[in-house]
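What's in model-v3.cif: mmCIF, C-alpha atoms and all ligand atoms
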```cif
data_structure
loop_
_atom_site.label_atom_id
_atom_site.label_comp_id
_atom_site.auth_asym_id
_atom_site.auth_seq_id
_atom_site.Cartn_x
_atom_site.Cartn_y
_atom_site.Cartn_z
CA MET A 23 10.39 -30.87 6.90
CA ASN A 24 6.86 -29.57 6.57
CA ALA A 25 5.58 -26.11 7.55
CA THR A 26 4.38 -27.23 10.99
CA THR A 27 7.83 -28.63 11.83
CA LEU A 28 9.44 -25.35 10.76
CA ALA A 29 7.00 -23.02 12.56
CA PRO A 30 8.77 -23.03 15.98
CA ALA A 31 11.81 -21.46 14.31
CA LEU A 32 9.82 -18.27 13.58
CA LEU A 33 8.94 -15.55 16.08
CA PRO A 34 5.16 -15.63 16.53
CA THR A 35 4.34 -12.17 15.12
CA TYR A 36 1.73 -13.50 12.68
CA ALA A 37 -1.40 -15.64 12.91
CA ARG A 38 -0.97 -17.35 9.56
CA GLN A 39 -3.54 -19.43 7.69
CA ASP A 40 -2.62 -23.13 7.64
CA VAL A 41 -1.46 -23.29 4.03
CA THR A 42 1.96 -23.24 2.35
CA PHE A 43 2.13 -21.78 -1.13
CA VAL A 44 4.74 -22.90 -3.60
CA ARG A 45 3.76 -21.29 -6.91
CA GLY A 46 1.71 -18.46 -8.36
CA GLU A 47 0.44 -17.67 -11.83
CA GLY A 48 -1.80 -14.73 -12.66
CA SER A 49 -4.68 -14.68 -10.17
CA TRP A 50 -3.95 -18.18 -8.90
CA LEU A 51 -1.81 -19.60 -6.11
CA TYR A 52 -0.85 -23.28 -5.74
CA ASP A 53 -0.19 -24.95 -2.39
CA ASP A 54 2.33 -27.68 -1.57
CA GLY A 55 -0.34 -30.32 -2.20
CA GLY A 56 -1.03 -29.00 -5.72
CA ARG A 57 -4.40 -27.39 -4.85
CA ARG A 58 -5.11 -24.07 -6.52
CA TYR A 59 -6.72 -20.98 -4.95
CA LEU A 60 -8.17 -17.86 -6.53
CA ASP A 61 -6.21 -14.99 -4.99
CA LEU A 62 -8.33 -11.98 -3.99
CA VAL A 63 -5.58 -10.85 -1.60
CA ALA A 64 -2.62 -10.44 -3.97
CA GLY A 65 -0.13 -10.39 -1.11
CA ILE A 66 -2.16 -7.56 0.56
CA ALA A 67 -2.52 -5.28 -2.46
CA VAL A 68 1.01 -5.98 -3.68
CA VAL A 69 0.91 -8.32 -6.68
CA GLY A 70 -1.09 -5.89 -8.81
CA LEU A 71 -0.15 -7.42 -12.14
CA GLY A 72 -0.76 -10.95 -10.88
CA HIS A 73 1.75 -13.63 -9.99
CA ALA A 74 4.69 -14.22 -12.34
CA HIS A 75 3.59 -11.46 -14.72
CA PRO A 76 5.97 -11.66 -17.69
CA ALA A 77 6.87 -7.94 -17.74
CA PRO A 78 8.45 -7.50 -14.27
CA LEU A 79 9.63 -11.13 -14.37
CA THR A 80 11.61 -10.60 -17.58
CA ALA A 81 12.96 -7.25 -16.40
CA ALA A 82 14.06 -8.63 -13.02
CA ARG A 83 15.64 -11.72 -14.61
CA ALA A 84 17.64 -9.63 -17.07
CA GLN A 85 18.79 -7.38 -14.23
CA LEU A 86 19.73 -10.41 -12.07
CA ASP A 87 22.06 -11.48 -14.87
CA ALA A 88 23.58 -8.00 -15.20
CA LEU A 89 23.97 -6.51 -11.71
CA TRP A 90 22.40 -7.13 -8.27
CA HIS A 91 23.69 -4.42 -5.99
CA VAL A 92 26.21 -1.62 -5.73
CA SER A 93 24.76 0.57 -2.89
CA ASN A 94 23.94 4.25 -3.10
CA LEU A 95 27.60 5.22 -3.31
CA TYR A 96 27.07 4.94 -7.09
CA TRP A 97 24.47 5.42 -9.81
CA THR A 98 22.59 2.58 -11.46
CA GLN A 99 20.32 2.81 -14.49
CA PRO A 100 17.16 1.09 -13.16
CA MET A 101 17.00 3.44 -10.16
CA GLN A 102 17.32 6.50 -12.38
CA GLU A 103 14.78 5.13 -14.85
CA LEU A 104 12.26 4.36 -12.10
CA ALA A 105 12.69 7.83 -10.58
CA ALA A 106 12.08 9.34 -14.02
CA ARG A 107 8.91 7.27 -14.53
CA LEU A 108 7.53 8.24 -11.12
CA SER A 109 8.48 11.87 -11.66
CA GLU A 110 6.56 11.83 -14.93
CA ARG A 111 3.51 10.36 -13.16
CA PHE A 112 3.70 13.02 -10.42
CA GLY A 113 4.65 16.21 -12.30
CA GLY A 114 8.38 16.58 -11.65
CA ALA A 115 8.53 14.92 -8.20
CA ARG A 116 11.82 13.54 -6.90
CA ALA A 117 12.27 10.12 -5.31
CA PHE A 118 13.99 8.53 -2.35
CA PHE A 119 14.00 4.72 -2.57
CA CYS A 120 13.83 2.31 0.36
CA ASN A 121 12.46 -1.18 0.94
CA SER A 122 9.00 -1.11 2.52
CA GLY A 123 5.98 0.98 3.31
CA ALA A 124 7.09 1.73 6.86
CA GLU A 125 10.46 2.92 5.56
CA ALA A 126 8.73 5.18 3.04
CA VAL A 127 6.70 6.69 5.89
CA GLU A 128 9.84 7.09 8.03
CA ALA A 129 11.47 8.94 5.16
CA ALA A 130 8.37 11.13 4.84
CA LEU A 131 8.40 11.97 8.55
CA LYS A 132 12.09 12.86 8.55
CA TRP A 133 11.68 14.89 5.35
CA ALA A 134 8.68 16.75 6.80
CA ARG A 135 10.61 17.68 9.96
CA LYS A 136 13.63 18.86 8.00
CA ALA A 137 11.61 20.68 5.34
CA SER A 138 9.28 22.44 7.78
CA GLY A 139 11.62 22.94 10.74
CA LYS A 140 8.77 21.64 12.94
CA THR A 141 8.03 18.33 14.64
CA GLU A 142 4.29 17.85 15.19
CA ILE A 143 2.25 15.50 13.04
CA VAL A 144 -1.51 15.30 12.62
CA ALA A 145 -2.81 11.92 11.45
CA LEU A 146 -6.10 10.03 11.67
CA GLU A 147 -7.73 7.71 14.18
CA GLY A 148 -7.76 4.20 12.74
CA SER A 149 -4.93 4.98 10.32
CA PHE A 150 -2.08 2.59 9.63
CA HIS A 151 1.37 3.73 8.56
CA GLY A 152 3.64 0.83 9.54
CA ARG A 153 5.26 -0.90 12.50
CA THR A 154 8.60 0.86 12.91
CA LEU A 155 8.64 3.23 15.87
CA GLY A 156 8.28 6.42 13.81
CA ALA A 157 5.54 5.05 11.55
CA LEU A 158 3.79 3.48 14.56
CA SER A 159 3.87 6.87 16.31
CA VAL A 160 1.59 8.31 13.62
CA THR A 161 -0.59 5.18 13.40
CA GLY A 162 -3.95 5.88 15.01
CA GLN A 163 -4.60 2.39 16.38
CA PRO A 164 -4.01 2.16 20.16
CA ALA A 165 -4.00 -1.66 20.14
CA LYS A 166 -0.94 -1.68 17.91
CA ARG A 167 0.83 1.09 19.83
CA VAL A 168 0.28 0.48 23.51
CA ALA A 169 2.88 -2.27 24.12
CA PHE A 170 5.59 -0.12 22.55
CA GLU A 171 5.05 3.22 24.25
CA PRO A 172 6.58 5.71 24.74
CA LEU A 173 6.63 6.39 21.00
CA VAL A 174 7.93 9.43 19.14
CA PRO A 175 6.13 12.42 20.69
CA GLY A 176 4.14 15.04 18.82
CA ALA A 177 1.41 13.05 17.03
CA ALA A 178 -2.29 13.90 17.32
CA PHE A 179 -5.23 12.10 15.73
CA ALA A 180 -8.51 13.32 14.26
CA PRO A 181 -11.43 11.06 13.28
CA PRO A 182 -11.51 10.41 9.50
CA ASN A 183 -13.59 12.93 7.54
CA ASP A 184 -14.08 15.23 10.56
CA THR A 185 -12.93 18.57 9.19
CA ASP A 186 -13.63 20.54 12.37
CA TRP A 187 -11.59 18.14 14.46
CA LEU A 188 -8.73 18.29 11.96
CA ALA A 189 -8.84 22.10 11.99
CA ALA A 190 -8.67 22.05 15.80
CA LEU A 191 -5.49 19.92 15.72
CA VAL A 192 -3.52 21.54 12.91
CA GLY A 193 -1.61 24.59 14.13
CA PRO A 194 1.51 26.65 13.53
CA GLU A 195 3.70 23.87 15.04
CA THR A 196 2.37 21.20 12.67
CA ALA A 197 5.11 19.83 10.43
CA ALA A 198 2.78 17.62 8.39
CA ILE A 199 -0.70 16.24 8.01
CA VAL A 200 -0.30 12.55 7.14
CA LEU A 201 -3.27 10.83 5.49
CA GLU A 202 -4.13 7.62 3.65
CA PRO A 203 -6.61 8.54 0.87
CA ILE A 204 -8.43 5.35 1.89
CA LEU A 205 -7.63 3.98 5.34
CA GLY A 206 -6.66 0.46 4.32
CA GLU A 207 -5.78 -1.58 7.41
CA GLY A 208 -8.23 0.57 9.37
CA GLY A 209 -11.20 -0.98 7.53
CA VAL A 210 -11.10 0.53 4.01
CA ILE A 211 -12.52 3.95 4.93
CA PRO A 212 -12.40 6.37 1.99
CA LEU A 213 -11.60 10.00 2.78
CA GLU A 214 -14.06 12.45 1.29
CA PRO A 215 -12.75 14.92 -1.30
CA ALA A 216 -14.04 17.82 0.85
CA PHE A 217 -12.02 16.55 3.84
CA LEU A 218 -8.88 16.25 1.71
CA ALA A 219 -9.46 19.73 0.29
CA ALA A 220 -9.78 21.08 3.84
CA ALA A 221 -6.53 19.32 4.82
CA ARG A 222 -4.78 20.91 1.83
CA GLU A 223 -6.12 24.33 2.77
CA LEU A 224 -5.16 23.98 6.45
CA ALA A 225 -1.65 22.88 5.48
CA ASP A 226 -1.27 25.88 3.18
CA GLN A 227 -2.63 28.32 5.77
CA LEU A 228 -0.43 27.07 8.62
CA GLY A 229 2.78 26.23 6.77
CA ALA A 230 2.39 22.47 7.22
CA LEU A 231 3.14 19.81 4.59
CA LEU A 232 0.49 17.46 3.25
CA VAL A 233 1.86 13.92 3.05
CA LEU A 234 -0.24 11.17 1.52
CA ASP A 235 0.50 7.58 2.48
CA GLU A 236 -0.35 5.81 -0.76
CA VAL A 237 1.43 2.63 0.25
CA GLN A 238 -1.83 0.68 -0.18
CA THR A 239 -3.82 2.96 -2.49
CA GLY A 240 -1.02 3.74 -4.95
CA VAL A 241 0.28 2.08 -8.12
CA GLY A 242 -3.10 1.68 -9.79
CA ARG A 243 -4.94 0.01 -6.91
CA THR A 244 -7.83 2.51 -7.00
CA GLY A 245 -7.96 2.87 -10.79
CA SER A 246 -5.46 5.72 -11.18
CA PHE A 247 -1.71 5.55 -10.61
CA PHE A 248 -2.09 7.61 -7.42
CA ALA A 249 -5.42 7.69 -5.60
CA PHE A 250 -5.07 11.47 -5.16
CA GLU A 251 -5.56 11.93 -8.91
CA GLN A 252 -9.26 11.17 -8.42
CA LEU A 253 -9.61 13.32 -5.32
CA GLY A 254 -8.87 16.84 -6.51
CA ILE A 255 -5.80 17.60 -4.40
CA ARG A 256 -2.05 17.72 -4.92
CA PRO A 257 0.04 16.57 -1.94
CA ASP A 258 3.53 17.80 -1.06
CA ALA A 259 4.82 14.25 -0.74
CA VAL A 260 3.62 10.70 -1.32
CA ALA A 261 4.77 7.42 0.22
CA LEU A 262 4.56 4.37 -2.08
CA ALA A 263 5.47 0.72 -1.56
CA LYS A 264 3.37 -2.46 -1.86
CA GLY A 265 2.46 -2.75 -5.57
CA LEU A 266 5.40 -0.82 -6.97
CA ALA A 267 7.59 -3.82 -7.85
CA ASN A 268 4.78 -6.42 -7.99
CA GLY A 269 6.12 -8.32 -4.98
CA LEU A 270 9.81 -7.46 -4.74
CA PRO A 271 10.45 -5.29 -1.66
CA ILE A 272 10.45 -1.57 -2.38
CA GLY A 273 9.39 1.68 -0.78
CA CYS A 274 9.55 5.19 -2.14
CA LEU A 275 9.10 8.75 -0.93
CA LEU A 276 8.15 11.16 -3.69
CA VAL A 277 8.54 14.86 -2.95
CA ALA A 278 6.48 17.11 -5.20
CA GLU A 279 8.07 19.66 -7.46
CA GLY A 280 7.89 23.00 -5.69
CA ALA A 281 7.75 21.46 -2.20
CA PRO A 282 10.58 22.42 0.18
CA GLU A 283 13.87 20.68 -0.55
CA GLY A 284 14.36 19.18 2.93
CA PHE A 285 16.99 16.50 2.50
CA GLU A 286 20.68 17.12 1.95
CA PRO A 287 23.41 14.48 1.46
CA GLY A 288 23.83 12.56 4.73
CA ASP A 289 20.31 13.23 6.03
CA HIS A 290 18.79 9.87 5.15
CA ALA A 291 19.90 6.61 3.56
CA SER A 292 19.15 2.95 2.85
CA THR A 293 21.76 0.37 1.84
CA PHE A 294 19.34 -1.59 -0.33
CA GLY A 295 17.18 1.36 -1.40
CA GLY A 296 17.05 1.67 -5.18
CA ASN A 297 18.21 -1.92 -5.68
CA PRO A 298 18.69 -2.48 -9.42
CA VAL A 299 16.68 -5.73 -9.62
CA THR A 300 13.74 -4.28 -7.71
CA CYS A 301 13.83 -1.03 -9.67
CA ALA A 302 13.97 -2.88 -13.00
CA ALA A 303 10.83 -4.81 -11.97
CA ALA A 304 9.17 -1.57 -10.82
CA CYS A 305 9.90 0.15 -14.15
CA ALA A 306 8.10 -2.74 -15.87
CA VAL A 307 5.17 -2.35 -13.46
CA CYS A 308 4.91 1.37 -14.25
CA ASP A 309 4.94 0.64 -17.98
CA ALA A 310 2.29 -2.07 -17.62
CA LEU A 311 -0.10 0.30 -15.82
CA THR A 312 -1.62 1.71 -18.97
CA ASP A 313 -4.75 3.83 -19.14
CA GLU A 314 -6.56 0.74 -20.47
CA LEU A 315 -5.61 -1.37 -17.46
CA LEU A 316 -6.55 1.45 -15.07
CA ALA A 317 -9.94 1.80 -16.79
CA GLU A 318 -10.48 -1.95 -16.39
CA VAL A 319 -9.92 -1.57 -12.64
CA HIS A 320 -13.07 0.59 -12.52
CA GLU A 321 -15.00 -1.95 -14.63
CA LYS A 322 -14.04 -4.73 -12.22
CA GLU A 323 -14.98 -2.54 -9.26
CA ALA A 324 -18.44 -2.16 -10.85
CA LEU A 325 -18.69 -5.93 -11.18
CA VAL A 326 -17.89 -6.44 -7.49
CA ARG A 327 -20.36 -3.72 -6.51
CA ALA A 328 -23.10 -5.40 -8.55
CA ALA A 329 -22.48 -8.70 -6.75
CA LEU A 330 -21.94 -7.18 -3.28
CA PRO A 331 -23.93 -3.93 -3.06
CA THR A 332 -22.68 -3.06 0.45
CA VAL A 333 -19.07 -2.97 -0.63
CA ARG A 334 -17.05 0.22 0.06
CA GLY A 335 -13.72 1.52 -1.21
CA ARG A 336 -12.48 2.45 -4.63
CA GLY A 337 -11.09 0.55 -7.60
CA LEU A 338 -9.88 -2.82 -6.39
CA LEU A 339 -9.35 -1.80 -2.77
CA LEU A 340 -12.75 -2.87 -1.50
CA ALA A 341 -14.29 -4.09 1.73
CA LEU A 342 -17.56 -5.18 3.24
CA ASP A 343 -18.74 -5.62 6.79
CA VAL A 344 -19.84 -9.10 7.80
CA GLN A 345 -21.91 -10.39 10.71
CA ARG A 346 -19.60 -13.28 11.63
CA PRO A 347 -16.01 -12.69 12.73
CA ALA A 348 -14.15 -11.85 9.52
CA GLY A 349 -11.48 -14.42 10.41
CA ASP A 350 -14.09 -17.21 10.22
CA VAL A 351 -15.19 -16.08 6.75
CA VAL A 352 -11.55 -15.91 5.63
CA ALA A 353 -11.05 -19.51 6.83
CA ASP A 354 -14.29 -20.66 5.14
CA CYS A 355 -13.19 -19.08 1.88
CA LEU A 356 -9.78 -20.74 2.12
CA GLU A 357 -11.51 -24.13 2.38
CA ARG A 358 -13.42 -23.28 -0.79
CA GLY A 359 -10.21 -22.39 -2.64
CA LEU A 360 -10.63 -18.62 -2.36
CA LEU A 361 -8.25 -16.18 -0.67
CA VAL A 362 -9.68 -13.04 0.95
CA SER A 363 -8.29 -11.01 3.86
CA SER A 364 -9.75 -9.07 6.76
CA ALA A 365 -9.33 -5.42 7.77
CA GLY A 366 -10.87 -5.39 11.22
CA GLU A 367 -12.90 -7.85 13.33
CA HIS A 368 -15.96 -7.76 11.05
CA THR A 369 -14.54 -6.44 7.79
CA LEU A 370 -13.54 -8.48 4.76
CA ARG A 371 -11.12 -6.88 2.32
CA LEU A 372 -10.83 -7.67 -1.38
CA THR A 373 -7.61 -6.64 -3.14
CA PRO A 374 -7.33 -8.95 -6.16
CA PRO A 375 -4.67 -8.53 -8.84
CA LEU A 376 -5.65 -5.57 -11.05
CA THR A 377 -5.31 -8.00 -13.97
CA ILE A 378 -7.90 -10.49 -12.69
CA THR A 379 -10.28 -11.42 -15.51
CA THR A 380 -14.06 -11.23 -15.37
CA GLU A 381 -14.11 -15.00 -15.89
CA GLU A 382 -12.04 -15.39 -12.73
CA LEU A 383 -13.70 -12.70 -10.66
CA GLU A 384 -17.34 -13.77 -11.20
CA PRO A 385 -17.00 -17.34 -9.87
CA GLY A 386 -14.78 -15.99 -7.09
CA LEU A 387 -17.58 -13.66 -5.98
CA GLU A 388 -20.01 -16.60 -6.11
CA LEU A 389 -17.73 -18.59 -3.80
CA LEU A 390 -17.59 -15.60 -1.47
CA ALA A 391 -21.39 -15.29 -1.49
CA GLU A 392 -21.63 -19.00 -0.53
CA ALA A 393 -19.19 -18.47 2.35
CA LEU A 394 -21.22 -15.46 3.53
CA ALA A 395 -24.60 -17.23 3.26
N1 LIG B 401 1.18 2.47 5.07
C1 LIG B 401 0.05 1.86 4.68
C2 LIG B 401 -1.11 2.68 4.21
C3 LIG B 401 -0.05 0.46 4.70
O1 LIG B 401 -1.18 -0.13 4.33
C4 LIG B 401 1.07 -0.29 5.14
C5 LIG B 401 0.99 -1.75 5.20
O2 LIG B 401 -0.04 -2.35 5.18
C6 LIG B 401 2.22 0.39 5.54
C7 LIG B 401 2.24 1.77 5.48
C8 LIG B 401 3.43 -0.36 6.00
O3 LIG B 401 3.99 -1.03 4.93
P1 LIG B 401 5.06 -2.21 5.18
O4 LIG B 401 4.31 -3.35 5.75
O5 LIG B 401 5.60 -2.48 3.79
O6 LIG B 401 6.09 -1.66 6.08
#
```

Can you dump the structure from the file as structure tokens?
Ligand code: PLP
Amino acid sequence: MNATTLAPALLPTYARQDVTFVRGEGSWLYDDGGRRYLDLVAGIAVVGLGHAHPAPLTAARAQLDALWHVSNLYWTQPMQELAARLSERFGGARAFFCNSGAEAVEAALKWARKASGKTEIVALEGSFHGRTLGALSVTGQPAKRVAFEPLVPGAAFAPPNDTDWLAALVGPETAAIVLEPILGEGGVIPLEPAFLAAARELADQLGALLVLDEVQTGVGRTGSFFAFEQLGIRPDAVALAKGLANGLPIGCLLVAEGAPEGFEPGDHASTFGGNPVTCAAACAVCDALTDELLAEVHEKEALVRAALPTVRGRGLLLALDVQRPAGDVVADCLERGLLVSSAGEHTLRLTPPLTITTEELEPGLELLAEALA
């Protein structure tokens, strides 16, 4: 059976490109006809180390041989080791593991309510935090919300980088301010350091928690392990997912040292959260994200900026606005053997593997320039 024969057996939640991939290696994907494509999508900012990277692959294989799953009724080593690595990266933070970005945001919302004793959330217009009902409730995109209302009450939205508007919304009943350091799905809109500093100050003044959704920006994507490291603020909690296990499903809430405790046993749970195979792969990802690799992310960003001066974003989470519908450019690129994604009607997004080489990136950018011409 080919992909077209199988399609009716799937619910139509996605508008997929007409291609079926069967193999990946580094920055390259191979379709079922043997054609190869340069991957500037990386599974939407997930496969940061590139496809079939030997470090997470070896770690996951060894763990598959040893132990797949025991649940959170017991301890496992990979989960503890991953928590320790993340805690080291974020000064003593403690982790809750789950399986996706939306779940990490759900955990953050529940933690913020419990830790603050309040229920209101301030988020941003155009933000994206996931499709589950809680995460959708704090997602500032009416088109994604409207068919599913009523959502969880208590969310209000300020325009990105509008400090006055934010200050007008945050009050004594605010449990948390929830921000993506760069709005990813909303068009790759970077938040300004001054806006983030104001959010931190407002949270401190009014007893709210500052939660950063680093599901897309985290795990090296912007050239530091967390994007906030380059932005001069320290959040109370961070949601991670996408790149953490290089393509195996994982989500994580990290609560900063010194932030309110919040959760007690029984408050929150996930059967698969902290899965040993996934956590073993994620430990290998953390170890592979060396200072050298993170520095290279900035060098590759510079290369993209030189080729496409109108690009915005940070590190290898980049975007540019295009005249034609972005979907048409994506399709044109696919025909040329190049994978790019969109983030809005007229916005192309580039999220290649962090390990992409200059020799791969340069011809890829030339192909993109041809598609844009
Ligand atoms: N938060 C952000 C910033 C995201 O970009 C995404 C997904 O794109 C999510 C949350 C939801 O993640 P998931 O699709 O793994 O549930």

### Message
Given the point (-6.9, 5.9, 8.5) in the coordinates of this file, which residues lie within 8 Å, counting all atoms listed in the file, and how would they look as a VMD selection string?
### Response
chain A and resid 145 to 150 162 182 201 to 202 204 to 208 211

### Computed interatomic separation between CA of Glu381 in chain A and CA of Gly245 in chain A (Å)
19.6 Å

### Task
Quote the spacing between CA of Thr312 in chain A and CA of Glu384 in chain A in Å to one decimal place.
23.4 Å

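Neighbours of Ala88 in chain A closer than or equal to 12 Å, with all atoms listed in the file counted and sequence neighbours fewer than 2 positions away skipped, come out as Ala81, Ala82, Arg83, Ala84, Gln85, Leu86, Trp90, His91, Val92, Thr98, Gln99, Pro100, Pro298, Val299 and Ala302 of chain A.
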
### Task
Tell me, in Å to one decimal, how far atom O5 of ligand LIG 401 (chain B) is from CA of Pro164 in chain A.
19.5 Å

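For the choices A:Ala220, A:Ile272, A:Leu79, A:Leu32, the atom-to-atom distance to ligand LIG 401 (chain B) is smallest for A:Ile272 when using all atoms listed in the file.
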
### Long-range neighbours of Gly152 in chain A as JSON, numbers by chain, 9 Å cut-off, all atoms listed in the file, 5 positions minimum in chain
{"A": [123, 124, 125, 127, 128, 157, 158, 160, 161]}

Give me, as a short mmCIF file (atom, residue, chain, number, x, y, z; two decimals) with C-alpha atoms, in the frame of the given file, all polymer residues having an atom no more than 6 Å from Leu71 in chain A, counting all atoms listed in the file and skipping those fewer than 6 positions away in the same chain.
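Generated output (part.cif):
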```
data_model
loop_
_atom_site.label_atom_id
_atom_site.label_comp_id
_atom_site.auth_asym_id
_atom_site.auth_seq_id
_atom_site.Cartn_x
_atom_site.Cartn_y
_atom_site.Cartn_z
CA PRO A 375 -4.67 -8.53 -8.84
CA LEU A 376 -5.65 -5.57 -11.05
CA THR A 377 -5.31 -8.00 -13.97
#
```

Tell me which protein, DNA and RNA residues are within 8 Å of Asp61 in chain A, counting all atoms listed in the file, leaving out same-chain ones fewer than 4 positions away, and put them as a short mmCIF file (atom, residue, chain, number, x, y, z; two decimals) with C-alpha atoms, in the coordinates of the input.
```cif
data_model
loop_
_atom_site.label_atom_id
_atom_site.label_comp_id
_atom_site.auth_asym_id
_atom_site.auth_seq_id
_atom_site.Cartn_x
_atom_site.Cartn_y
_atom_site.Cartn_z
CA SER A 49 -4.68 -14.68 -10.17
CA TRP A 50 -3.95 -18.18 -8.90
CA LEU A 51 -1.81 -19.60 -6.11
CA LEU A 360 -10.63 -18.62 -2.36
CA LEU A 361 -8.25 -16.18 -0.67
CA VAL A 362 -9.68 -13.04 0.95
CA PRO A 374 -7.33 -8.95 -6.16
CA PRO A 375 -4.67 -8.53 -8.84
#
```

### Query
Counting all atoms listed in the file, what is within 8 Å of Glu142 in chain A, bar same-chain residues fewer than 3 positions away, as a list of chain:residue names?
A:Pro175, A:Gly176, A:Ala177, A:Ala178, A:Glu195, A:Thr196, A:Ala197, A:Ala198

Add whatever atoms are absent from range 52-63 of chain A to reach N, CA, C and O atoms, and provide the output as a compact mmCIF listing (two decimals), in the coordinates of the input.
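The result, stored in out-v4.txt:
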```txt
# COMPACT_ATOMS: atom_id res chain seq x y z
N TYR A 52 -0.85 -21.81 -5.85
CA TYR A 52 -0.85 -23.28 -5.74
C TYR A 52 -0.16 -23.67 -4.44
O TYR A 52 0.93 -23.16 -4.14
N ASP A 53 -0.80 -24.55 -3.65
CA ASP A 53 -0.19 -24.95 -2.39
C ASP A 53 0.72 -26.16 -2.57
O ASP A 53 0.84 -26.70 -3.67
N ASP A 54 1.34 -26.59 -1.48
CA ASP A 54 2.33 -27.68 -1.57
C ASP A 54 1.68 -29.02 -1.84
O ASP A 54 2.37 -30.00 -2.13
N GLY A 55 0.34 -29.08 -1.81
CA GLY A 55 -0.34 -30.32 -2.20
C GLY A 55 -0.87 -30.24 -3.62
O GLY A 55 -1.58 -31.14 -4.07
N GLY A 56 -0.61 -29.14 -4.33
CA GLY A 56 -1.03 -29.00 -5.72
C GLY A 56 -2.42 -28.37 -5.87
O GLY A 56 -2.90 -28.21 -6.98
N ARG A 57 -3.07 -28.01 -4.75
CA ARG A 57 -4.40 -27.39 -4.85
C ARG A 57 -4.26 -25.92 -5.27
O ARG A 57 -3.34 -25.24 -4.82
N ARG A 58 -5.20 -25.47 -6.12
CA ARG A 58 -5.11 -24.07 -6.52
C ARG A 58 -6.18 -23.22 -5.85
O ARG A 58 -7.27 -23.70 -5.51
N TYR A 59 -5.86 -21.94 -5.65
CA TYR A 59 -6.72 -20.98 -4.95
C TYR A 59 -6.81 -19.72 -5.79
O TYR A 59 -5.78 -19.24 -6.32
N LEU A 60 -8.01 -19.15 -5.88
CA LEU A 60 -8.17 -17.86 -6.53
C LEU A 60 -7.75 -16.78 -5.52
O LEU A 60 -8.27 -16.74 -4.40
N ASP A 61 -6.86 -15.91 -5.93
CA ASP A 61 -6.21 -14.99 -4.99
C ASP A 61 -6.85 -13.60 -5.04
O ASP A 61 -6.52 -12.78 -5.90
N LEU A 62 -7.75 -13.33 -4.10
CA LEU A 62 -8.33 -11.98 -3.99
C LEU A 62 -7.63 -11.17 -2.90
O LEU A 62 -8.18 -10.21 -2.37
N VAL A 63 -6.41 -11.58 -2.56
CA VAL A 63 -5.58 -10.85 -1.60
C VAL A 63 -4.40 -10.18 -2.31
O VAL A 63 -4.06 -9.02 -2.05
```
